[in-house]
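Raw contents of final37.txt, compact mmCIF, C-alpha atoms:
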# COMPACT_ATOMS: atom_id res chain seq x y z
CA MET B 1197 8.93 -33.26 -1.45
CA SER B 1198 5.49 -32.06 -2.42
CA PRO B 1199 4.21 -33.07 -5.85
CA PRO B 1200 5.18 -30.88 -8.81
CA LYS B 1201 3.25 -27.67 -9.12
CA HIS B 1202 0.05 -27.68 -11.06
CA GLU B 1203 0.26 -26.47 -14.60
CA ARG B 1204 -0.65 -22.80 -14.46
CA THR B 1205 -2.62 -21.07 -17.15
CA ARG B 1206 -1.17 -18.01 -18.80
CA GLN B 1207 -4.21 -15.92 -17.97
CA GLY B 1208 -3.48 -13.12 -15.53
CA TYR B 1209 -0.16 -11.82 -14.38
CA LEU B 1210 0.49 -13.65 -11.12
CA ILE B 1211 2.52 -16.37 -12.74
CA GLY B 1212 5.94 -17.59 -13.49
CA MET B 1213 8.08 -15.83 -10.92
CA LEU B 1214 11.53 -17.31 -10.34
CA THR B 1215 13.77 -16.55 -7.37
CA PRO B 1216 15.51 -13.17 -7.76
CA LYS B 1217 19.22 -12.52 -8.24
CA ALA B 1218 21.32 -12.68 -5.09
CA ARG B 1219 22.68 -9.38 -3.75
CA GLY B 1220 25.36 -10.82 -1.42
CA ALA B 1221 26.49 -13.89 0.52
CA LEU B 1222 23.31 -14.39 2.57
CA SER B 1223 20.87 -14.16 -0.36
CA GLU B 1224 23.21 -16.28 -2.49
CA ALA B 1225 23.21 -19.08 0.10
CA VAL B 1226 19.53 -18.85 1.07
CA LEU B 1227 18.09 -18.57 -2.46
CA GLU B 1228 20.21 -21.54 -3.53
CA ALA B 1229 19.02 -23.53 -0.49
CA MET B 1230 15.40 -22.60 -1.29
CA ARG B 1231 15.84 -23.93 -4.82
CA VAL B 1232 17.68 -27.20 -4.06
CA ARG B 1233 16.37 -27.83 -0.54
CA PRO B 1234 19.42 -29.49 1.02
CA ALA B 1235 19.01 -31.79 4.04
CA ASP B 1236 20.67 -29.07 6.13
CA MET B 1237 18.98 -25.68 5.58
CA SER B 1238 20.43 -24.15 8.73
CA THR B 1239 23.98 -23.59 7.42
CA ALA B 1240 22.77 -21.38 4.58
CA CYS B 1241 20.47 -19.52 6.97
CA ALA B 1242 23.38 -18.77 9.34
CA THR B 1243 25.30 -16.82 6.67
CA PRO B 1244 25.84 -13.20 7.75
CA ALA B 1245 24.24 -10.54 5.53
CA GLU B 1246 26.78 -8.56 3.52
CA SER B 1247 24.72 -5.43 3.08
CA ARG B 1248 21.28 -3.94 3.49
CA ASP B 1249 20.54 -4.99 -0.10
CA ASP B 1250 21.56 -8.56 0.73
CA GLU B 1251 19.42 -8.60 3.89
CA GLN B 1252 16.37 -7.02 2.25
CA VAL B 1253 16.29 -9.20 -0.88
CA THR B 1254 16.52 -12.27 1.37
CA LEU B 1255 13.68 -11.02 3.54
CA TRP B 1256 11.64 -10.15 0.44
CA ALA B 1257 12.09 -13.70 -0.90
CA LEU B 1258 11.10 -15.19 2.47
CA TYR B 1259 7.96 -13.04 2.49
CA GLU B 1260 7.11 -14.02 -1.07
CA LEU B 1261 6.77 -17.63 0.13
CA HIS B 1262 3.67 -16.31 1.97
CA HIS B 1263 2.38 -14.27 -0.99
CA ARG B 1264 2.62 -16.16 -4.29
CA GLY B 1265 5.73 -18.34 -3.99
CA PHE B 1266 8.29 -19.07 -6.70
CA ASP B 1267 8.12 -21.52 -9.58
CA ASP B 1268 11.59 -22.82 -8.66
CA VAL B 1269 10.87 -23.26 -4.93
CA ASP B 1270 8.83 -25.99 -3.24
CA ASP B 1271 5.67 -24.50 -1.65
CA GLU B 1272 6.37 -26.59 1.47
CA LEU B 1273 9.19 -24.22 2.37
CA GLU B 1274 6.70 -21.52 3.37
CA TRP B 1275 6.70 -23.16 6.82
CA ASP B 1276 10.27 -24.45 6.97
CA PRO B 1277 11.51 -23.88 10.55
CA ASP B 1278 15.03 -22.80 9.50
CA LEU B 1279 13.67 -20.26 7.02
CA LEU B 1280 11.15 -18.99 9.59
CA ALA B 1281 13.93 -18.59 12.16
CA LEU B 1282 15.99 -16.63 9.63
CA ARG B 1283 12.96 -14.51 8.74
CA ARG B 1284 12.47 -13.70 12.40
CA ARG B 1285 16.14 -12.70 12.79
CA LEU B 1286 15.97 -10.41 9.75
CA GLU B 1287 12.63 -8.97 10.85
CA ARG B 1288 13.94 -8.06 14.28
CA ALA B 1289 16.83 -6.13 12.74
CA PHE B 1290 14.52 -4.49 10.18
CA GLU B 1291 11.82 -3.52 12.67
CA GLY B 1292 14.53 -2.14 14.97
CA ARG B 1293 15.82 0.00 12.11
CA LEU B 1294 12.33 1.27 11.23
CA ARG B 1295 11.63 2.15 14.87
CA GLY B 1296 15.05 3.79 15.14
CA ARG B 1297 14.11 6.21 12.34
CA TRP B 1298 10.96 7.29 14.16
CA SER B 1299 10.74 9.80 17.00
CA PRO B 1300 7.30 9.48 18.60
CA PRO B 1301 5.67 12.84 19.34
CA ALA B 1302 5.45 13.86 23.00
CA ASP B 1303 1.66 13.68 23.09
CA LEU B 1304 -0.36 11.31 20.96
CA PRO B 1305 -4.02 12.21 20.31
CA GLY B 1306 -6.93 10.58 22.08
CA PRO B 1307 -9.79 8.96 20.13
CA ASP B 1308 -11.78 12.22 19.81
CA SER B 1309 -9.04 14.20 18.09
CA PHE B 1310 -7.35 11.31 16.28
CA ALA B 1311 -8.55 11.95 12.70
CA GLU B 1312 -7.64 15.65 12.59
CA ALA B 1313 -4.31 14.97 14.32
CA PHE B 1314 -3.54 12.18 11.86
CA PHE B 1315 -4.33 14.26 8.76
CA ALA B 1316 -2.21 17.10 10.19
CA PHE B 1317 0.66 14.68 10.86
CA VAL B 1318 0.58 13.47 7.24
CA GLU B 1319 0.34 17.04 5.91
CA ASP B 1320 3.32 18.15 8.00
CA HIS B 1321 5.54 15.39 6.64
CA ASP B 1322 7.14 17.29 3.81
CA GLY B 1323 8.85 14.60 1.75
CA ALA B 1324 10.28 14.50 -1.77
CA SER B 1325 7.63 13.87 -4.44
CA LEU B 1326 8.06 11.66 -7.48
CA ALA B 1327 4.55 12.61 -8.67
CA ALA B 1328 5.46 16.31 -8.76
CA HIS B 1329 8.45 15.50 -10.99
CA VAL B 1330 6.38 13.26 -13.27
CA HIS B 1331 3.72 15.99 -13.45
CA ARG B 1332 6.01 18.67 -14.91
CA ASP B 1333 9.47 17.43 -15.84
CA ALA B 1334 10.02 13.68 -16.21
CA ASP B 1335 10.63 12.14 -19.62
CA ALA B 1336 8.92 8.95 -20.79
CA GLU B 1337 11.91 6.70 -19.97
CA GLN B 1338 11.97 7.96 -16.39
CA VAL B 1339 8.27 7.30 -16.01
CA LEU B 1340 8.64 3.76 -17.36
CA ASP B 1341 11.48 3.24 -14.86
CA LEU B 1342 9.18 4.41 -12.11
CA PHE B 1343 6.47 1.91 -13.20
CA ARG B 1344 9.05 -0.88 -12.98
CA LEU B 1345 9.79 0.10 -9.37
CA ARG B 1346 6.10 0.51 -8.51
CA SER B 1347 5.20 -2.85 -10.09
CA VAL B 1348 6.71 -4.78 -7.17
CA TYR B 1349 3.93 -3.49 -4.93
CA HIS B 1350 1.18 -2.44 -7.32
CA LEU B 1351 0.85 -6.00 -8.69
CA LYS B 1352 -0.08 -7.13 -5.18
CA GLU B 1353 -1.84 -3.94 -4.17
CA SER B 1354 -3.69 -4.29 -0.85
CA ASP B 1355 -2.61 -7.90 -0.31
CA PRO B 1356 -0.45 -7.33 2.81
CA THR B 1357 -3.34 -5.41 4.42
CA ALA B 1358 -5.70 -8.32 3.79
CA TRP B 1359 -3.72 -10.32 6.37
CA VAL B 1360 -4.90 -7.89 9.05
CA VAL B 1361 -8.62 -8.61 8.63
CA PRO B 1362 -8.96 -11.61 11.01
CA ARG B 1363 -6.99 -9.80 13.74
CA LEU B 1364 -9.56 -7.02 14.16
CA ASP B 1365 -12.60 -6.44 16.31
CA VAL B 1366 -16.07 -6.05 14.77
CA ALA B 1367 -16.19 -2.37 13.76
CA ALA B 1368 -12.61 -2.13 12.49
CA LYS B 1369 -12.98 -5.41 10.60
CA ALA B 1370 -16.14 -4.23 8.81
CA ALA B 1371 -14.50 -0.88 8.06
CA LEU B 1372 -11.37 -2.46 6.59
CA MET B 1373 -13.45 -4.79 4.42
CA GLU B 1374 -15.50 -1.87 3.11
CA LEU B 1375 -12.23 -0.40 1.76
CA GLN B 1376 -10.66 -3.69 0.66
CA TYR B 1377 -13.80 -4.64 -1.28
CA ASP B 1378 -13.29 -1.53 -3.41
CA GLU B 1379 -9.53 -2.20 -3.78
CA TYR B 1380 -10.35 -5.68 -5.06
CA GLY B 1381 -12.78 -4.39 -7.67
CA THR B 1382 -16.07 -4.90 -5.75
CA GLY B 1383 -16.13 -8.46 -7.05
CA ASP B 1384 -15.27 -7.54 -10.67
CA PRO B 1385 -11.80 -8.85 -11.58
CA ASN B 1386 -11.56 -6.20 -14.31
CA ARG B 1387 -11.68 -3.46 -11.65
CA LEU B 1388 -9.20 -5.04 -9.21
CA HIS B 1389 -6.56 -2.35 -8.70
CA ALA B 1390 -3.58 -4.68 -9.21
CA HIS B 1391 -5.16 -5.78 -12.49
CA LEU B 1392 -5.66 -2.18 -13.64
CA PHE B 1393 -1.94 -1.63 -13.07
CA ALA B 1394 -1.07 -4.84 -14.94
CA ARG B 1395 -3.12 -3.63 -17.92
CA GLY B 1396 -1.34 -0.29 -17.72
CA LEU B 1397 2.08 -1.98 -17.71
CA GLU B 1398 1.22 -4.03 -20.79
CA ALA B 1399 -0.18 -1.02 -22.61
CA CYS B 1400 3.15 0.75 -21.94
CA GLY B 1401 5.09 -2.19 -23.42
CA LEU B 1402 6.32 -3.39 -20.03
CA SER B 1403 6.01 -6.85 -18.50
CA ALA B 1404 3.00 -7.37 -16.23
CA GLU B 1405 4.43 -10.56 -14.80
CA TYR B 1406 4.56 -10.56 -11.04
CA GLY B 1407 8.09 -9.77 -9.84
CA ALA B 1408 9.41 -9.20 -13.37
CA TYR B 1409 11.48 -6.15 -12.34
CA LEU B 1410 12.57 -7.24 -8.88
CA ASN B 1411 16.23 -7.47 -9.93
CA ASP B 1412 16.15 -3.82 -11.09
CA VAL B 1413 14.77 -2.20 -7.95
CA PRO B 1414 16.83 -0.38 -5.32
CA VAL B 1415 16.85 -1.42 -1.68
CA GLU B 1416 14.35 1.36 -0.88
CA VAL B 1417 11.66 -0.51 -2.86
CA LEU B 1418 12.50 -3.76 -1.07
CA GLU B 1419 12.19 -1.98 2.29
CA GLN B 1420 8.79 -0.52 1.31
CA ASN B 1421 7.46 -3.94 0.37
CA ASN B 1422 9.03 -5.71 3.33
CA ALA B 1423 7.60 -3.18 5.78
CA MET B 1424 4.08 -3.90 4.49
CA SER B 1425 4.58 -7.68 4.75
CA LEU B 1426 6.12 -7.29 8.22
CA PHE B 1427 3.18 -5.21 9.48
CA GLY B 1428 0.63 -7.45 7.76
CA LEU B 1429 1.98 -10.80 8.94
CA HIS B 1430 2.37 -9.93 12.63
CA ARG B 1431 -0.84 -9.58 14.63
CA ARG B 1432 1.20 -7.63 17.16
CA LEU B 1433 1.77 -4.96 14.49
CA ARG B 1434 -1.88 -4.55 13.36
CA GLY B 1435 -1.82 -0.93 14.53
CA ALA B 1436 1.23 -0.21 12.37
CA ALA B 1437 -0.37 -2.00 9.39
CA LEU B 1438 -3.50 0.15 9.56
CA GLY B 1439 -1.54 3.36 10.24
CA HIS B 1440 0.56 2.54 7.16
CA LEU B 1441 -2.60 1.99 5.13
CA ALA B 1442 -4.11 5.29 6.29
CA ALA B 1443 -0.95 7.27 5.46
CA PHE B 1444 -0.70 5.54 2.08
CA GLU B 1445 -4.31 6.44 1.21
CA ALA B 1446 -3.94 9.98 2.55
CA THR B 1447 -0.99 10.63 0.22
CA SER B 1448 -2.49 9.08 -2.91
CA SER B 1449 -5.32 11.18 -4.31
CA LEU B 1450 -3.47 14.42 -5.13
CA PRO B 1451 -0.23 12.68 -6.31
CA SER B 1452 -2.32 10.33 -8.47
CA ARG B 1453 -3.83 13.34 -10.23
CA ARG B 1454 -0.32 14.72 -10.86
CA MET B 1455 0.74 11.31 -12.20
CA ALA B 1456 -2.29 11.14 -14.52
CA GLN B 1457 -1.60 14.66 -15.82
CA GLY B 1458 2.10 13.87 -16.28
CA LEU B 1459 1.33 10.70 -18.23
CA ALA B 1460 -1.14 12.59 -20.42
CA ARG B 1461 1.54 15.29 -21.03
CA LEU B 1462 3.90 12.55 -22.26
CA GLY B 1463 1.23 10.81 -24.33
CA LEU B 1464 1.62 7.55 -22.38
CA ALA B 1465 -0.93 4.74 -22.54
CA PRO B 1466 -4.50 5.71 -21.55
CA GLU B 1467 -4.77 2.42 -19.60
CA MET B 1468 -2.13 3.73 -17.20
CA VAL B 1469 -3.80 7.14 -17.01
CA ASP B 1470 -6.97 5.21 -16.05
CA TYR B 1471 -5.12 3.49 -13.22
CA TYR B 1472 -4.12 6.84 -11.71
CA ASP B 1473 -7.51 8.47 -12.41
CA GLU B 1474 -9.15 5.58 -10.57
CA HIS B 1475 -6.89 6.33 -7.58
CA VAL B 1476 -7.78 10.03 -7.55
CA ALA B 1477 -11.43 9.11 -6.99
CA ALA B 1478 -11.01 5.94 -4.95
CA ASP B 1479 -8.43 7.31 -2.56
CA ALA B 1480 -10.36 10.53 -1.89
CA VAL B 1481 -12.86 8.10 -0.33
CA HIS B 1482 -10.34 5.66 1.06
CA GLU B 1483 -8.34 8.25 2.98
CA GLN B 1484 -11.48 9.22 4.89
CA LEU B 1485 -12.43 5.58 5.49
CA ALA B 1486 -8.90 4.54 6.49
CA VAL B 1487 -8.37 7.39 8.95
CA ARG B 1488 -11.84 7.91 10.41
CA SER B 1489 -13.53 4.57 10.03
CA ILE B 1490 -10.72 1.96 10.10
CA CYS B 1491 -8.12 3.50 12.41
CA GLY B 1492 -10.87 5.28 14.36
CA SER B 1493 -12.65 2.00 15.09
CA LEU B 1494 -9.38 0.23 15.85
CA LEU B 1495 -8.45 2.87 18.42
CA ALA B 1496 -11.93 2.98 19.92
CA ALA B 1497 -11.53 -0.73 20.68
CA GLU B 1498 -7.80 -0.72 21.39
CA PRO B 1499 -6.64 2.79 22.33
CA ALA B 1500 -3.19 1.56 23.37
CA LEU B 1501 -2.36 0.98 19.69
CA VAL B 1502 -2.25 4.71 18.85
CA GLY B 1503 1.57 4.79 19.02
CA ASP B 1504 1.85 1.94 16.53
CA VAL B 1505 -0.70 3.57 14.20
CA PHE B 1506 1.56 6.64 14.01
CA PHE B 1507 4.68 4.48 13.73
CA GLY B 1508 3.16 2.67 10.74
CA ALA B 1509 2.12 5.97 9.18
CA PHE B 1510 5.58 7.43 9.67
CA SER B 1511 7.20 4.35 8.14
CA CYS B 1512 4.99 4.65 5.06
CA LEU B 1513 5.85 8.34 4.55
CA ASP B 1514 9.54 7.94 5.41
CA LEU B 1515 10.10 4.92 3.14
CA GLU B 1516 8.44 6.73 0.21
CA ASP B 1517 10.56 9.81 0.93
CA ARG B 1518 13.75 7.69 0.91
CA LEU B 1519 12.77 6.11 -2.41
CA ALA B 1520 11.84 9.48 -3.94
CA ARG B 1521 15.17 11.04 -2.91
CA HIS B 1522 17.07 8.06 -4.33
CA VAL B 1523 15.23 8.13 -7.66
CA LEU B 1524 15.34 11.92 -8.03
CA ALA B 1525 19.10 11.87 -7.34
CA GLN B 1526 19.51 9.21 -10.03
CA TRP B 1527 17.53 11.32 -12.46
CA ALA B 1528 19.53 14.36 -11.26
CA ALA B 1529 16.19 16.14 -10.97
CA MET H 475 -9.22 -6.15 25.31
CA SER H 476 -12.38 -4.99 23.56
CA ALA H 477 -14.32 -1.90 24.47
CA GLU H 478 -17.04 -2.87 22.03
CA PRO H 479 -20.24 -4.59 23.05
CA PRO H 480 -20.36 -8.32 22.25
CA ALA H 481 -23.67 -7.79 20.49
CA GLY H 482 -25.60 -4.69 19.63
CA ASP H 483 -25.68 -1.84 17.23
CA PHE H 484 -22.81 0.12 15.81
CA ASP H 485 -23.21 3.54 14.22
CA HIS H 486 -23.10 3.04 10.47
CA PRO H 487 -24.65 6.09 8.82
CA ASP H 488 -25.37 6.28 5.07
CA VAL H 489 -24.21 9.90 4.87
CA VAL H 490 -21.10 11.10 6.71
CA ILE H 491 -19.88 14.71 6.77
CA CYS H 492 -16.10 14.70 7.16
CA PRO H 493 -14.83 17.81 9.00
CA GLY H 494 -12.82 19.92 6.55
CA GLY H 495 -13.40 17.32 3.81
CA PRO H 496 -16.02 15.64 1.64
CA LEU H 497 -19.41 14.15 2.33
CA LEU H 498 -19.34 10.36 2.19
CA LEU H 499 -22.27 8.51 0.64
CA ARG H 500 -22.73 4.82 1.21
CA GLY H 501 -24.57 2.81 -1.43
CA GLU H 502 -25.99 3.68 -4.83
CA HIS H 503 -27.12 7.24 -5.42
CA VAL H 504 -27.66 9.74 -8.20
CA VAL H 505 -26.08 13.11 -7.45
CA ALA H 506 -27.01 16.30 -9.33
CA ASP H 507 -24.12 18.79 -9.67
CA GLU H 508 -24.41 22.60 -9.64
CA GLN H 509 -25.37 22.63 -13.32
CA GLY H 510 -28.08 20.05 -12.70
CA ARG H 511 -26.23 17.26 -14.48
CA THR H 512 -26.73 13.89 -12.83
CA HIS H 513 -23.94 11.51 -11.83
CA HIS H 514 -24.35 7.90 -10.67
CA THR H 515 -22.16 6.63 -7.86
CA THR H 516 -19.86 3.83 -9.03
CA ARG H 517 -18.31 2.47 -5.83
CA PRO H 518 -19.50 1.16 -2.45
CA VAL H 519 -18.72 4.50 -0.78
CA SER H 520 -18.42 7.78 -2.69
CA ALA H 521 -16.99 11.14 -1.61
CA VAL H 522 -18.91 14.24 -2.68
CA CYS H 523 -16.91 17.49 -2.87
CA ARG H 524 -17.84 20.09 -0.23
CA CYS H 525 -15.04 22.63 -0.82
CA GLY H 526 -16.17 23.44 -4.37
CA LYS H 527 -12.61 23.21 -5.73
CA SER H 528 -12.46 19.60 -6.91
CA ALA H 529 -11.57 19.16 -10.59
CA THR H 530 -13.82 16.08 -10.78
CA GLN H 531 -17.16 17.55 -9.65
CA PRO H 532 -19.29 16.44 -8.00
CA TRP H 533 -16.75 14.03 -6.52
CA CYS H 534 -13.94 14.83 -4.10
CA ASP H 535 -10.38 14.67 -5.50
CA GLY H 536 -8.57 15.63 -2.29
CA THR H 537 -8.14 19.31 -3.24
CA HIS H 538 -9.56 20.52 0.11
CA LYS H 539 -6.24 19.49 1.66
CA VAL H 540 -4.29 22.15 -0.24
CA LEU H 541 -6.71 24.92 0.75
CA PRO H 542 -5.90 27.13 3.74
CA PRO H 543 -7.73 25.74 6.79
CA ARG H 544 -10.22 28.65 6.82
CA ALA H 545 -11.25 27.88 3.22
CA ARG H 546 -12.00 24.25 3.99
CA PRO H 547 -15.60 23.19 4.49

Transcribe the structure of this file into structure tokens.
Amino acid sequence: MSPPKHERTRQGYLIGMLTPKARGALSEAVLEAMRVRPADMSTACATPAESRDDEQVTLWALYELHHRGFDDVDDELEWDPDLLALRRRLERAFEGRLRGRWSPPADLPGPDSFAEAFFAFVEDHDGASLAAHVHRDADAEQVLDLFRLRSVYHLKESDPTAWVVPRLDVAAKAALMELQYDEYGTGDPNRLHAHLFARGLEACGLSAEYGAYLNDVPVEVLEQNNAMSLFGLHRRLRGAALGHLAAFEATSSLPSRRMAQGLARLGLAPEMVDYYDEHVAADAVHEQLAVRSICGSLLAAEPALVGDVFFGAFSCLDLEDRLARHVLAQWAA
Amino acid sequence: MSAEPPAGDFDHPDVVICPGGPLLLRGEHVVADEQGRTHHTTRPVSAVCRCGKSATQPWCDGTHKVLPPRARP
């Protein structure tokens, strides 16, 4: 056993997360094994998943060992061979499902036409929009529900992409850091995007503690978060990670303006309006950097990754569309 | 694996015109809008509106993407 965790201060929001509720037999067995650390971890890890929820919450918990960990789990388990083997088994199934949803276009663009082709690809993906509903129709309770779902990612905004940095060649690495530096507040913790969202949550009377609403989120949110960790943690998938980033940035500026206007319509906290206003401006820059500078440099150095760049972009758009349809159906909007 | 030179110069312009989109400015600048009011850049790279339709002049807010292609800069 490693020594007990250091006493953590209560400053900031990245504290105090406990393992989430199980969603089936596999997560029940694995989360329990993570907490008590039995001599034999492999039996728990061999439990079949009962459902997609069960599989995804298990995978999410395994990924969290690499992000911030849990207060009720020994940090040593981040590199436990049985848990890593289980993670790999779940990842293979998950990546297979993501790739199964994607039909690659017949002809992928070359480096010279990549940026215009990529923007056109994103524009042509006509998915359901939560921002459009928040803009005109949502009530305050629905918007607070949406913040709870978004908090799972927004409180670690940009973190999965940071894993990609050391896997890149010179130009793409510099380009990614130019964007990440802005995401992380250009050195000012008060401007770090995850922190702006935490302040917004608190101003709305919600918890800003990392993972506070994990037990409330549907499987679509788990899949969104797991896809980013999957792409970020595997060097092999660096093209998908950066394609995901570019699609995310390219679908942020206009929806963020609708969100800000919707929150103002409902009289919600100005701190949260600030978070979305910041993303109108930042992501109008970031979409250009992510597509032209980051993915452009990546593909100049490694043109064979163009298929994965589009796969990552598709996964980003498709997972958001699935979440939006689920939430809008729940709201009967 | 790499098509890049092991050492040497990369293109890294301070001003980048994005086809159909904004003008990117690297570094700190003061931009005067159409009314002559001045605006300081606040981030490492800023996007200046070129389509004229942004609601946050002089900065880009992504509005060019909802214009018909012929109306884009």

| request: Would you mind telling me which residue in H:Gln509, H:Thr537, H:Gln531, H:Thr515 lies nearest to chain B when using all atoms listed in the file? | output: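 The closest residue to chain B is H:Thr537.
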
With chain B as the partner and 12 Å as the cut-off, tabulate the residues of chain H that qualify, each row holding the nearest pair of atoms and their distance in Å to one decimal, using all atoms listed in the file, sorted by chain and rising number, as a tab-separated table.
residue	atom	partner	partner_atom	distance
H:Met475	CA	B:Glu1498	CA	6.8
H:Ser476	CA	B:Ala1497	CA	5.2
H:Ala477	CA	B:Ala1497	CA	4.8
H:Glu478	CA	B:Ala1497	CA	6.1
H:Pro479	CA	B:Val1366	CA	9.4
H:Pro480	CA	B:Val1366	CA	8.9
H:Ala481	CA	B:Val1366	CA	9.7
H:Gly482	CA	B:Val1366	CA	10.8
H:Asp483	CA	B:Ala1367	CA	10.1
H:Phe484	CA	B:Ala1367	CA	7.4
H:Asp485	CA	B:Ala1367	CA	9.2
H:His486	CA	B:Ala1367	CA	9.4
H:Pro487	CA	B:Ser1489	CA	11.3
H:Val490	CA	B:Gln1484	CA	10.0
H:Ile491	CA	B:Gln1484	CA	10.2
H:Cys492	CA	B:Gln1484	CA	7.5
H:Pro493	CA	B:Glu1312	CA	8.3
H:Gly494	CA	B:Glu1312	CA	9.0
H:Gly495	CA	B:Gln1484	CA	8.4
H:Pro496	CA	B:Ala1480	CA	8.4
H:Leu497	CA	B:Val1481	CA	9.3
H:Leu498	CA	B:Val1481	CA	7.3
H:Leu499	CA	B:Val1481	CA	9.5
H:Arg500	CA	B:Glu1374	CA	10.0
H:Gly501	CA	B:Glu1374	CA	11.2
H:Thr515	CA	B:Ala1477	CA	11.0
H:Thr516	CA	B:Ala1478	CA	10.0
H:Arg517	CA	B:Asp1378	CA	6.9
H:Pro518	CA	B:Asp1378	CA	6.8
H:Val519	CA	B:Val1481	CA	6.9
H:Ser520	CA	B:Val1481	CA	6.0
H:Ala521	CA	B:Val1481	CA	5.3
H:Val522	CA	B:Val1481	CA	8.9
H:Cys523	CA	B:Ala1480	CA	9.6
H:Ser528	CA	B:Leu1450	CA	10.5
H:Ala529	CA	B:Arg1453	CA	9.7
H:Thr530	CA	B:Ala1477	CA	8.3
H:Gln531	CA	B:Ala1477	CA	10.5
H:Pro532	CA	B:Ala1477	CA	10.8
H:Trp533	CA	B:Ala1477	CA	7.3
H:Cys534	CA	B:Ala1480	CA	6.0
H:Asp535	CA	B:Ala1480	CA	5.5
H:Gly536	CA	B:Ala1480	CA	5.4
H:Thr537	CA	B:Leu1450	CA	7.0
H:His538	CA	B:Leu1450	CA	10.1
H:Lys539	CA	B:Glu1319	CA	8.2
H:Val540	CA	B:Leu1450	CA	9.2
H:Leu541	CA	B:Glu1319	CA	11.8
H:Pro543	CA	B:Ala1316	CA	10.8

| message | Residues within 9 Å of Pro1356 of chain B, please, as a list in words. Count only C-alpha atoms; anything in the same chain fewer than 6 positions from it doesn't count. | response |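 Near Pro1356 of chain B, the qualifying residues are His1263, Asn1421, Met1424, Ser1425, Leu1426, Phe1427, Gly1428, Leu1429 and Ala1437 of chain B.
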
Taking all atoms of segment 1373-1379 of chain B that the file lists and extending 3 Å past them on each side, where is the centre of the axis-aligned box and how long are its edges? Answer in Å to one decimal, as JSON.
{"center_x": -12.5, "center_y": -2.6, "center_z": 0.3, "size_x": 12.0, "size_y": 10.4, "size_z": 14.2}

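Of note, atom CA of Leu1519 of chain B and atom CA of Tyr1259 of chain B are spaced 20.3 Å apart.
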
| Could you work out how far atom CA of Pro547 of chain H lies from atom CA of Phe1510 of chain B, giving the answer in Å with one decimal? |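 Between atom CA of Phe1510 of chain B and atom CA of Pro547 of chain H the gap works out to 26.9 Å.
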
| task | For atom CA of Leu1351 of chain B and atom CA of Glu1337 of chain B, determine how far apart the two atoms are, in Å to one decimal place. | result |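 Value for the atom CA of Leu1351 of chain B-atom CA of Glu1337 of chain B distance: 20.3 Å.
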
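Closest approach to Asp1341 of chain B among B:Leu1462, B:Ala1436, B:Leu1402, B:Ala1358 is made by B:Leu1402 (distances from all atoms listed in the file).
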
| query | Restricting the calculation to only C-alpha atoms, which member of B:Asp1504, B:Asp1355, B:Glu1474, B:Asp1250 is positioned closest to Arg1434 of chain B? | reply |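 Closest to Arg1434 of chain B, using only C-alpha atoms: B:Asp1504.
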
| note | Between B:Leu1227, B:Val1339, B:Leu1286, B:Val1348, smallest distance to Ala1327 of chain B by all atoms listed in the file belongs to B:Val1339

| message | At a cut-off of 7 Å, using all atoms listed in the file, what residues contact segment 1267-1274 of chain B? Leave out same-chain residues fewer than 5 positions from it and give the result as a ChimeraX atom specification. | response | /B:1198,1212-1215,1230-1231,1261-1262

Could you give me, as a JSON list (two decimals) with C-alpha atoms, in the coordinates of the input, the residues within 12 Å of Ala1302 of chain B, counting only C-alpha atoms and dropping anything in the same chain fewer than 3 positions from it?
[["chain", "number", "residue", "atom", "x", "y", "z"],
["B", 1299, "SER", "CA", 10.74, 9.80, 17.00],
["B", 1305, "PRO", "CA", -4.02, 12.21, 20.31],
["B", 1503, "GLY", "CA", 1.57, 4.79, 19.02]]

| task | Step by step: start from the point (9.1, 13.7, -2.3) in the file's coordinates, keep every protein, DNA or RNA residue that has an atom no farther than 8 Å from it, count all atoms listed in the file, and write the set as a list in words. | result |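 Answer for this query, in the requested form: Asp1322, Gly1323, Ala1324, Ser1325, Leu1326, Ala1327, Ala1328, Glu1516, Asp1517, Ala1520 and Arg1521 of chain B.
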
| message | Report as number ranges by chain all protein, DNA and RNA residues lying within 10 Å of Ala1218 of chain B, evaluated on all atoms listed in the file, omitting residues in the same chain fewer than 2 positions from it. | response | B: 1215-1216, 1220-1228, 1249-1250, 1253-1254, 1411

Taking C-alpha atoms for each residue, export the selection above as an mmCIF file, in the coordinates of the input.
data_model
loop_
_atom_site.group_PDB
_atom_site.id
_atom_site.type_symbol
_atom_site.label_atom_id
_atom_site.label_comp_id
_atom_site.auth_asym_id
_atom_site.auth_seq_id
_atom_site.Cartn_x
_atom_site.Cartn_y
_atom_site.Cartn_z
ATOM 1 C CA THR B 1215 13.770 -16.550 -7.370
ATOM 2 C CA PRO B 1216 15.510 -13.170 -7.760
ATOM 3 C CA GLY B 1220 25.360 -10.820 -1.420
ATOM 4 C CA ALA B 1221 26.490 -13.890 0.520
ATOM 5 C CA LEU B 1222 23.310 -14.390 2.570
ATOM 6 C CA SER B 1223 20.870 -14.160 -0.360
ATOM 7 C CA GLU B 1224 23.210 -16.280 -2.490
ATOM 8 C CA ALA B 1225 23.210 -19.080 0.100
ATOM 9 C CA VAL B 1226 19.530 -18.850 1.070
ATOM 10 C CA LEU B 1227 18.090 -18.570 -2.460
ATOM 11 C CA GLU B 1228 20.210 -21.540 -3.530
ATOM 12 C CA ASP B 1249 20.540 -4.990 -0.100
ATOM 13 C CA ASP B 1250 21.560 -8.560 0.730
ATOM 14 C CA VAL B 1253 16.290 -9.200 -0.880
ATOM 15 C CA THR B 1254 16.520 -12.270 1.370
ATOM 16 C CA ASN B 1411 16.230 -7.470 -9.930
#
